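*Asks:* Just start_19.cif, nothing more (mmCIF, C-alpha atoms):
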data_structure
#
loop_
_atom_site.label_atom_id
_atom_site.label_comp_id
_atom_site.auth_asym_id
_atom_site.auth_seq_id
_atom_site.Cartn_x
_atom_site.Cartn_y
_atom_site.Cartn_z
CA MET A 1 -9.88 -20.83 -13.52
CA ASN A 2 -10.63 -21.84 -9.93
CA CYS A 3 -9.34 -21.17 -6.42
CA ALA A 4 -6.90 -24.08 -6.63
CA ASP A 5 -5.15 -22.25 -9.48
CA LEU A 6 -4.45 -19.34 -7.11
CA ALA A 7 -3.51 -21.49 -4.14
CA ARG A 8 0.25 -21.57 -4.79
CA ALA A 9 0.56 -17.82 -5.36
CA VAL A 10 -1.50 -17.13 -2.24
CA SER A 11 0.61 -19.53 -0.16
CA GLU A 12 3.82 -17.81 -1.30
CA SER A 13 2.55 -14.34 -0.44
CA PRO A 14 4.06 -12.76 2.69
CA LEU A 15 0.63 -11.32 3.47
CA VAL A 16 -1.79 -13.45 5.45
CA GLY A 17 -5.53 -13.07 5.14
CA TRP A 18 -6.24 -14.04 1.52
CA HIS A 19 -9.32 -16.21 1.06
CA CYS A 20 -10.80 -17.43 -2.21
CA THR A 21 -14.31 -18.75 -2.88
CA SER A 22 -16.17 -19.60 -6.06
CA ASP A 23 -19.39 -17.64 -6.55
CA ARG A 24 -21.75 -17.65 -9.55
CA GLY A 25 -19.21 -17.93 -12.32
CA PHE A 26 -16.47 -15.83 -10.78
CA LEU A 27 -13.95 -16.06 -7.96
CA ARG A 28 -14.30 -13.89 -4.86
CA LEU A 29 -11.05 -12.88 -3.15
CA ASP A 30 -11.03 -11.56 0.39
CA THR A 31 -7.77 -9.62 0.72
CA PRO A 32 -5.67 -8.56 3.73
CA PHE A 33 -6.27 -4.93 2.73
CA ARG A 34 -8.83 -2.68 4.39
CA TYR A 35 -10.91 0.40 3.69
CA PRO A 36 -10.38 3.28 6.16
CA ASP A 37 -13.33 2.06 8.23
CA GLY A 38 -11.73 -1.39 8.61
CA GLY A 39 -13.92 -3.11 5.99
CA ILE A 40 -12.32 -5.87 3.92
CA ILE A 41 -11.38 -5.02 0.35
CA GLU A 42 -12.92 -7.74 -1.83
CA LEU A 43 -11.89 -8.52 -5.39
CA PHE A 44 -13.51 -10.62 -8.07
CA VAL A 45 -11.92 -12.62 -10.89
CA GLU A 46 -13.74 -13.62 -14.05
CA GLU A 47 -12.85 -14.68 -17.57
CA ARG A 48 -14.01 -12.15 -20.12
CA ASP A 49 -13.30 -12.16 -23.85
CA GLY A 50 -10.35 -14.52 -23.45
CA ARG A 51 -8.73 -12.51 -20.66
CA PHE A 52 -8.72 -12.73 -16.88
CA VAL A 53 -10.25 -9.64 -15.30
CA VAL A 54 -9.66 -8.70 -11.66
CA SER A 55 -12.34 -6.24 -10.58
CA ASP A 56 -13.85 -4.65 -7.49
CA PHE A 57 -17.29 -4.69 -9.18
CA GLY A 58 -17.69 -1.02 -8.21
CA GLU A 59 -17.17 -1.51 -4.47
CA ALA A 60 -14.56 1.28 -4.08
CA TYR A 61 -16.88 3.87 -5.64
CA ARG A 62 -19.80 2.58 -3.56
CA PHE A 63 -17.64 2.98 -0.45
CA LEU A 64 -16.98 6.62 -1.33
CA GLU A 65 -20.63 7.30 -2.13
CA THR A 66 -21.78 5.65 1.11
CA ASN A 67 -19.57 8.14 2.91
CA GLY A 68 -21.13 11.06 1.06
CA ILE A 69 -18.36 11.51 -1.51
CA ASP A 70 -18.98 11.84 -5.24
CA PRO A 71 -15.83 10.43 -6.90
CA GLU A 72 -16.35 12.49 -10.06
CA ARG A 73 -17.51 15.82 -8.66
CA SER A 74 -14.15 17.31 -7.69
CA ALA A 75 -11.39 17.87 -10.25
CA THR A 76 -8.77 17.24 -7.56
CA ARG A 77 -10.49 14.00 -6.58
CA ARG A 78 -10.61 12.87 -10.19
CA GLN A 79 -6.89 13.58 -10.58
CA LEU A 80 -6.03 11.59 -7.45
CA ILE A 81 -8.07 8.63 -8.67
CA GLU A 82 -6.50 8.83 -12.12
CA MET A 83 -3.03 8.89 -10.54
CA ALA A 84 -3.82 5.81 -8.43
CA LEU A 85 -5.12 4.00 -11.51
CA ARG A 86 -2.09 4.94 -13.56
CA LEU A 87 0.41 3.80 -10.91
CA GLY A 88 -1.43 0.50 -10.54
CA ALA A 89 -1.95 -0.03 -14.30
CA ALA A 90 -5.69 -0.26 -13.60
CA ALA A 91 -8.75 1.07 -15.40
CA ASN A 92 -12.07 2.56 -14.40
CA VAL A 93 -14.73 0.69 -16.36
CA GLU A 94 -18.07 2.36 -15.69
CA GLY A 95 -17.27 2.77 -12.00
CA ALA A 96 -15.60 -0.62 -11.54
CA LEU A 97 -11.85 -0.60 -10.95
CA GLU A 98 -10.23 -3.37 -12.98
CA ILE A 99 -7.02 -4.93 -14.25
CA ALA A 100 -7.16 -7.35 -17.19
CA VAL A 101 -4.35 -9.85 -17.87
CA ALA A 102 -3.86 -12.45 -20.56
CA ASP A 103 -1.87 -14.94 -18.48
CA GLN A 104 -3.40 -16.86 -15.58
CA GLN A 105 -0.08 -16.56 -13.73
CA ARG A 106 -0.54 -12.77 -13.65
CA VAL A 107 -3.88 -12.87 -11.85
CA PHE A 108 -2.52 -12.80 -8.31
CA PRO A 109 0.02 -9.99 -8.98
CA ALA A 110 -2.85 -8.07 -10.60
CA ALA A 111 -4.92 -8.60 -7.45
CA LEU A 112 -2.09 -7.16 -5.34
CA GLN A 113 -1.86 -4.13 -7.61
CA LEU A 114 -5.60 -3.53 -7.65
CA ALA A 115 -5.91 -3.84 -3.87
CA GLN A 116 -3.26 -1.12 -3.57
CA VAL A 117 -5.19 1.10 -5.99
CA ILE A 118 -8.40 0.62 -4.02
CA THR A 119 -6.61 1.45 -0.77
CA ARG A 120 -5.57 4.80 -2.24
CA VAL A 121 -9.06 5.48 -3.59
CA GLY A 122 -10.61 4.62 -0.23
CA ASP A 123 -8.27 7.07 1.49
CA LEU A 124 -10.11 9.90 -0.28
CA VAL A 125 -12.66 9.58 2.53
CA LEU A 126 -10.01 10.75 4.99
CA LEU A 127 -9.02 13.66 2.76
CA ALA A 128 -12.63 14.76 2.24
CA LYS A 129 -13.37 14.69 5.95
CA GLY A 130 -10.23 16.59 6.85
CA ALA A 131 -8.71 13.66 8.70
CA VAL A 132 -5.45 14.10 6.83
CA GLY A 133 -3.72 17.33 7.70
CA SER A 134 -0.34 17.51 9.32
CA THR A 135 0.47 13.81 9.34
CA PHE A 136 3.12 11.67 10.94
CA SER A 137 4.76 11.39 7.52
CA ASP A 138 4.95 15.20 7.36
CA THR A 139 6.69 15.20 10.75
CA LEU A 140 9.07 12.48 9.62
CA GLU A 141 9.94 14.37 6.44
CA GLU A 142 10.62 17.57 8.40
CA PHE A 143 12.85 15.66 10.83
CA LEU A 144 14.91 14.12 8.03
CA LYS A 145 15.33 17.37 6.12
CA SER A 146 16.38 19.23 9.26
CA SER A 147 18.71 16.48 10.49
CA LEU A 148 20.59 15.23 7.43
CA VAL A 149 23.52 16.76 5.58
CA GLY A 150 24.04 16.16 1.86
CA VAL A 151 20.98 13.95 1.48
CA GLU A 152 18.20 14.33 -1.06
CA VAL A 153 14.87 13.76 0.71
CA GLN A 154 11.76 13.55 -1.50
CA ARG A 155 8.15 12.92 -0.57
CA GLY A 156 5.72 10.58 -2.33
CA GLN A 157 8.16 9.17 -4.87
CA ALA A 158 7.54 6.08 -6.99
CA ILE A 159 9.77 3.05 -6.42
CA HIS A 160 9.79 0.07 -8.76
CA GLY A 161 9.28 -3.40 -7.36
CA ARG A 162 9.38 -6.71 -9.19
CA ALA A 163 5.64 -6.76 -10.02
CA ALA A 164 4.48 -3.17 -9.60
CA VAL A 165 5.41 0.46 -9.04
CA HIS A 166 4.87 1.67 -5.46
CA ARG A 167 4.55 5.16 -4.07
CA VAL A 168 6.34 5.43 -0.75
CA ASP A 169 6.21 8.16 1.87
CA ILE A 170 9.81 9.29 1.60
CA VAL A 171 12.79 8.46 -0.59
CA ALA A 172 16.25 9.37 0.72
CA ARG A 173 19.28 9.30 -1.57
CA THR A 174 22.60 9.03 0.23
CA MET A 175 26.14 7.94 -0.62
CA ARG A 176 25.03 4.42 0.30
CA GLY A 177 22.21 4.45 -2.24
CA VAL A 178 18.44 4.80 -2.25
CA SER A 179 16.27 4.21 0.82
CA ALA A 180 12.48 3.84 0.85
CA ILE A 181 10.96 5.07 4.12
CA GLU A 182 7.40 4.57 5.31
CA GLY A 183 5.97 6.43 8.30
CA LEU A 184 3.30 4.35 10.06
CA SER A 185 0.90 5.90 12.55
CA ALA A 186 -2.35 4.43 13.91
CA ILE A 187 -4.60 4.87 16.91
CA THR A 188 -6.32 1.48 16.74
CA THR A 189 -5.14 -2.10 16.27
CA THR A 190 -7.32 -2.32 13.15
CA GLY A 191 -5.49 0.65 11.67
CA ALA A 192 -2.10 -0.78 12.63
CA ASN A 193 -2.96 -4.14 11.04
CA ALA A 194 -4.12 -2.46 7.84
CA GLN A 195 -1.02 -0.25 7.59
CA THR A 196 1.26 -3.19 8.28
CA ALA A 197 -0.34 -5.26 5.51
CA TYR A 198 -0.19 -2.33 3.09
CA THR A 199 3.47 -1.61 3.89
CA ILE A 200 4.52 -5.26 3.67
CA GLN A 201 2.85 -5.59 0.29
CA LYS A 202 4.97 -2.74 -1.04
CA PHE A 203 8.22 -3.64 0.68
CA ALA A 204 7.98 -7.35 -0.16
CA ASP A 205 7.67 -6.54 -3.84
CA ILE A 206 10.55 -4.05 -3.67
CA ALA A 207 12.70 -6.54 -1.75
CA ALA A 208 12.08 -9.11 -4.49
CA LEU A 209 14.47 -7.12 -6.70
CA GLY A 210 17.30 -8.66 -4.67
CA ALA A 211 20.65 -6.96 -4.26
CA ASP A 212 19.58 -3.96 -6.34
CA ALA A 213 16.55 -3.21 -4.13
CA PRO A 214 16.48 0.06 -2.17
CA THR A 215 16.97 -0.23 1.58
CA ARG A 216 13.61 -0.14 3.36
CA PHE A 217 12.70 1.48 6.67
CA ALA A 218 9.41 1.37 8.59
CA VAL A 219 9.26 4.20 11.14
CA LEU A 220 6.58 3.60 13.76
CA ASP A 221 4.74 6.34 15.62
CA ASN A 222 4.97 4.46 18.90
CA THR A 223 3.10 7.05 20.96
CA GLY A 224 0.21 4.57 20.90
CA GLU A 225 0.30 0.97 22.11
CA VAL A 226 -0.86 -0.55 18.81
CA TRP A 227 2.36 -1.87 17.30
CA THR A 228 2.38 -5.39 18.69
CA GLU A 229 5.35 -7.75 18.51
CA PRO A 230 3.70 -9.89 15.79
CA LEU A 231 3.24 -6.78 13.62
CA ARG A 232 6.81 -5.72 14.24
CA ARG A 233 8.12 -9.17 13.30
CA GLN A 234 6.15 -9.08 10.05
CA LEU A 235 7.60 -5.69 9.16
CA GLU A 236 11.12 -6.81 10.11
CA GLN A 237 11.00 -9.49 7.42
CA PHE A 238 11.19 -6.79 4.75
CA SER A 239 12.47 -3.63 6.44
CA VAL A 240 14.42 -2.07 9.27
CA VAL A 241 11.90 -1.07 11.95
CA VAL A 242 12.60 2.13 13.90
CA ASP A 243 10.47 3.59 16.69
CA TRP A 244 9.91 7.33 16.51
CA GLU A 245 11.30 7.80 20.01
CA HIS A 246 14.55 6.25 18.75
CA ARG A 247 14.57 8.18 15.46
CA ASP A 248 18.28 8.96 15.76
CA GLU A 249 18.79 5.30 14.88
CA LEU A 250 17.34 6.07 11.45
CA ILE A 251 19.96 8.77 10.89
CA GLN A 252 22.69 6.32 11.87
CA ALA A 253 21.28 3.59 9.64
CA LEU A 254 21.22 5.96 6.66
CA GLY A 255 24.94 6.43 7.22
CA THR A 256 25.03 10.22 6.96
CA ASP A 257 26.26 13.15 9.00
CA ARG A 258 23.81 14.99 11.21
CA ARG A 259 23.39 18.73 11.21
#
Could you express the structure from this file as structure tokens?

*Replies:*
Amino acid sequence: MNCADLARAVSESPLVGWHCTSDRGFLRLDTPFRYPDGGIIELFVEERDGRFVVSDFGEAYRFLETNGIDPERSATRRQLIEMALRLGAAANVEGALEIAVADQQRVFPAALQLAQVITRVGDLVLLAKGAVGSTFSDTLEEFLKSSLVGVEVQRGQAIHGRAAVHRVDIVARTMRGVSAIEGLSAITTTGANAQTAYTIQKFADIAALGADAPTRFAVLDNTGEVWTEPLRRQLEQFSVVVDWEHRDELIQALGTDRR
């Protein structure tokens, strides 16, 4: 397998920023996804025992350890990692996070899944350092629950896409059907870019289900000047974009009565 074999899948991806190089018997993939510090998530593809293995070669665990976090020390941390692996159909092989596939055509979807897993694992740095407390998503959930009548609002639910299962911030079930809602908040352009790429990856896969796909909303915490027009246009390809200051528009779009 070589980079040319991945070229078509990469070109059809709605996410920009993929780059493939050949390196010492394996392929190196720079992805559009980022660690919390803005570092690029790199993946590696090699043929092993007749299968194609997409791996991070232990980079996610090294990222945690570099930030003073032992991935295995805390039972809660282990459970969070195991959950991320299970949702992404990935495995921890002696500290390397991997997905193995038999078909060459499944390599790029596996890379998308693994990048999502690594994003979740990397976020443990924020949890360990107390950077995640009362979040924008918490505020969004509270607003929806206090504003909507006859709507089931659930946090952190899994939604099936065409290639993977995605955990979204909030799922709202109304008479119109199911809606997947992501709350995006960032204080830097790097953070906004990373969250946009992460959200598009999920929403693009969900949208690929076609007419049966849940409606998708991206709610932006626009208190900061980081959500540029190019980012908004990217999100608008796969979701309805709502600014927090115009959050009543979300209630109207969900088609429900307000309390």

*Asks:* I'd like the interatomic distance between CA of Leu6 in chain A and CA of Val93 in chain A, to a tenth of an Å.

*Replies:*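 Result for CA of Leu6 in chain A versus CA of Val93 in chain A: 24.3 Å, one decimal.
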
*Asks:* Here is a test: counting only C-alpha atoms, which residue of A:Val242, A:Ala192, A:Val121, A:Ala204 is nearest to Thr228 in chain A?

*Replies:*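 Checking each of A:Val242, A:Ala192, A:Val121, A:Ala204 against Thr228 in chain A, counting only C-alpha atoms, the winner is A:Ala192.
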
*Asks:* Which residues fall under the PyMOL selection byres ((chain A and resi 211-215) around 8) in this file, as number ranges by chain?

*Replies:* A: 161, 177-180, 206-210, 216-217, 239

*Asks:* Check what the PyMOL selection byres ((chain A and resi 199) around 9) selects in the file above and give those residues as a PyMOL selection string.

*Replies:* chain A and resi 168+182+184+194-198+200-204+218+235

*Asks:* Interatomic distance between CA of Val240 in chain A and CA of Leu124 in chain A?

*Replies:*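 Taking CA of Val240 in chain A and CA of Leu124 in chain A, their separation equals 28.9 Å.
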
*Asks:* For the atom pair CA of Ala90 in chain A and CA of Ala110 in chain A, what is the interatomic distance in Å to one decimal place?

*Replies:*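 These atoms are spaced 8.8 Å apart.
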
*Asks:* Got a sec to resolve the PyMOL selection byres ((chain A and resi 23-37) around 7) on this structure and send the residues as a list in words?

*Replies:*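 Taken on the displayed file, the PyMOL selection byres ((chain A and resi 23-37) around 7) yields the residues Asn2, Leu15, Val16, Gly17, Trp18, His19, Cys20, Thr21, Ser22, Gly38, Gly39, Ile40, Ile41, Glu42, Leu43, Phe44, Val45, Glu46, Ala115, Thr119, Gly122, Asp123, Ala194, Ala197 and Tyr198 of chain A.
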
*Asks:* Using all atoms listed in the file, which residues sit within 10 Å of range 148-157 of chain A once same-chain residues fewer than 4 positions away are excluded, as a list in words?

*Replies:*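 Answer for this query is Ser137, Asp138, Glu141, Glu142, Phe143, Leu144, His166, Arg167, Val168, Asp169, Ile170, Val171, Ala172, Arg173, Thr174, Met175, Val178, Ser179, Ala180, Ile181, Glu182, Ile251, Leu254, Gly255, Thr256, Asp257, Arg258 and Arg259 of chain A.
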
*Asks:* Could those selected residues go to a file with C-alpha atoms, as a PDB file, in the frame of the given file?

*Replies:*
ATOM      1  CA  SER A 137       4.760  11.390   7.520  1.00  0.00           C
ATOM      2  CA  ASP A 138       4.950  15.200   7.360  1.00  0.00           C
ATOM      3  CA  GLU A 141       9.940  14.370   6.440  1.00  0.00           C
ATOM      4  CA  GLU A 142      10.620  17.570   8.400  1.00  0.00           C
ATOM      5  CA  PHE A 143      12.850  15.660  10.830  1.00  0.00           C
ATOM      6  CA  LEU A 144      14.910  14.120   8.030  1.00  0.00           C
ATOM      7  CA  HIS A 166       4.870   1.670  -5.460  1.00  0.00           C
ATOM      8  CA  ARG A 167       4.550   5.160  -4.070  1.00  0.00           C
ATOM      9  CA  VAL A 168       6.340   5.430  -0.750  1.00  0.00           C
ATOM     10  CA  ASP A 169       6.210   8.160   1.870  1.00  0.00           C
ATOM     11  CA  ILE A 170       9.810   9.290   1.600  1.00  0.00           C
ATOM     12  CA  VAL A 171      12.790   8.460  -0.590  1.00  0.00           C
ATOM     13  CA  ALA A 172      16.250   9.370   0.720  1.00  0.00           C
ATOM     14  CA  ARG A 173      19.280   9.300  -1.570  1.00  0.00           C
ATOM     15  CA  THR A 174      22.600   9.030   0.230  1.00  0.00           C
ATOM     16  CA  MET A 175      26.140   7.940  -0.620  1.00  0.00           C
ATOM     17  CA  VAL A 178      18.440   4.800  -2.250  1.00  0.00           C
ATOM     18  CA  SER A 179      16.270   4.210   0.820  1.00  0.00           C
ATOM     19  CA  ALA A 180      12.480   3.840   0.850  1.00  0.00           C
ATOM     20  CA  ILE A 181      10.960   5.070   4.120  1.00  0.00           C
ATOM     21  CA  GLU A 182       7.400   4.570   5.310  1.00  0.00           C
ATOM     22  CA  ILE A 251      19.960   8.770  10.890  1.00  0.00           C
ATOM     23  CA  LEU A 254      21.220   5.960   6.660  1.00  0.00           C
ATOM     24  CA  GLY A 255      24.940   6.430   7.220  1.00  0.00           C
ATOM     25  CA  THR A 256      25.030  10.220   6.960  1.00  0.00           C
ATOM     26  CA  ASP A 257      26.260  13.150   9.000  1.00  0.00           C
ATOM     27  CA  ARG A 258      23.810  14.990  11.210  1.00  0.00           C
ATOM     28  CA  ARG A 259      23.390  18.730  11.210  1.00  0.00           C
TER      29      ARG A 259
END

*Asks:* Restricting the calculation to only C-alpha atoms: of A:Ala102, A:Thr189, A:Leu126, A:Ala253, which residue gets closest to Leu64 in chain A?

*Replies:*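 Looking at the shortest contact to Leu64 in chain A, the residue is A:Leu126.
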
*Asks:* When you count all atoms listed in the file, which of these residues is closest to Met83 in chain A: A:Ser146, A:Glu98, A:Val117, A:Ala60?

*Replies:* A:Val117

*Asks:* A:Asp205, A:Asp221, A:Glu229, A:Asp103: which is nearest Arg51 in chain A, counting only C-alpha atoms?

*Replies:* A:Asp103

*Asks:* Using only the atoms of range 81-87 of chain A listed in the file, plus 5 Å on each side, state the axis-aligned box centre and edge lengths in Å rounded to one decimal, as JSON.

*Replies:*
{"center_x": -3.8, "center_y": 6.3, "center_z": -11.0, "size_x": 18.5, "size_y": 15.1, "size_z": 15.1}

*Asks:* Give the answer as one residue: which of A:Leu97, A:Thr76, A:Phe136, A:Asp49 has the shortest atom-to-atom distance to Arg62 in chain A, using only C-alpha atoms?

*Replies:*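 Closest residue, counting only C-alpha atoms: A:Leu97.
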
*Asks:* Out of A:Ala186, A:Leu114, A:Ile99, A:Ala84, which residue has the shortest atom-to-atom distance to Leu220 in chain A when counting only C-alpha atoms?

*Replies:*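 Of all the options, A:Ala186 lies closest to Leu220 in chain A.
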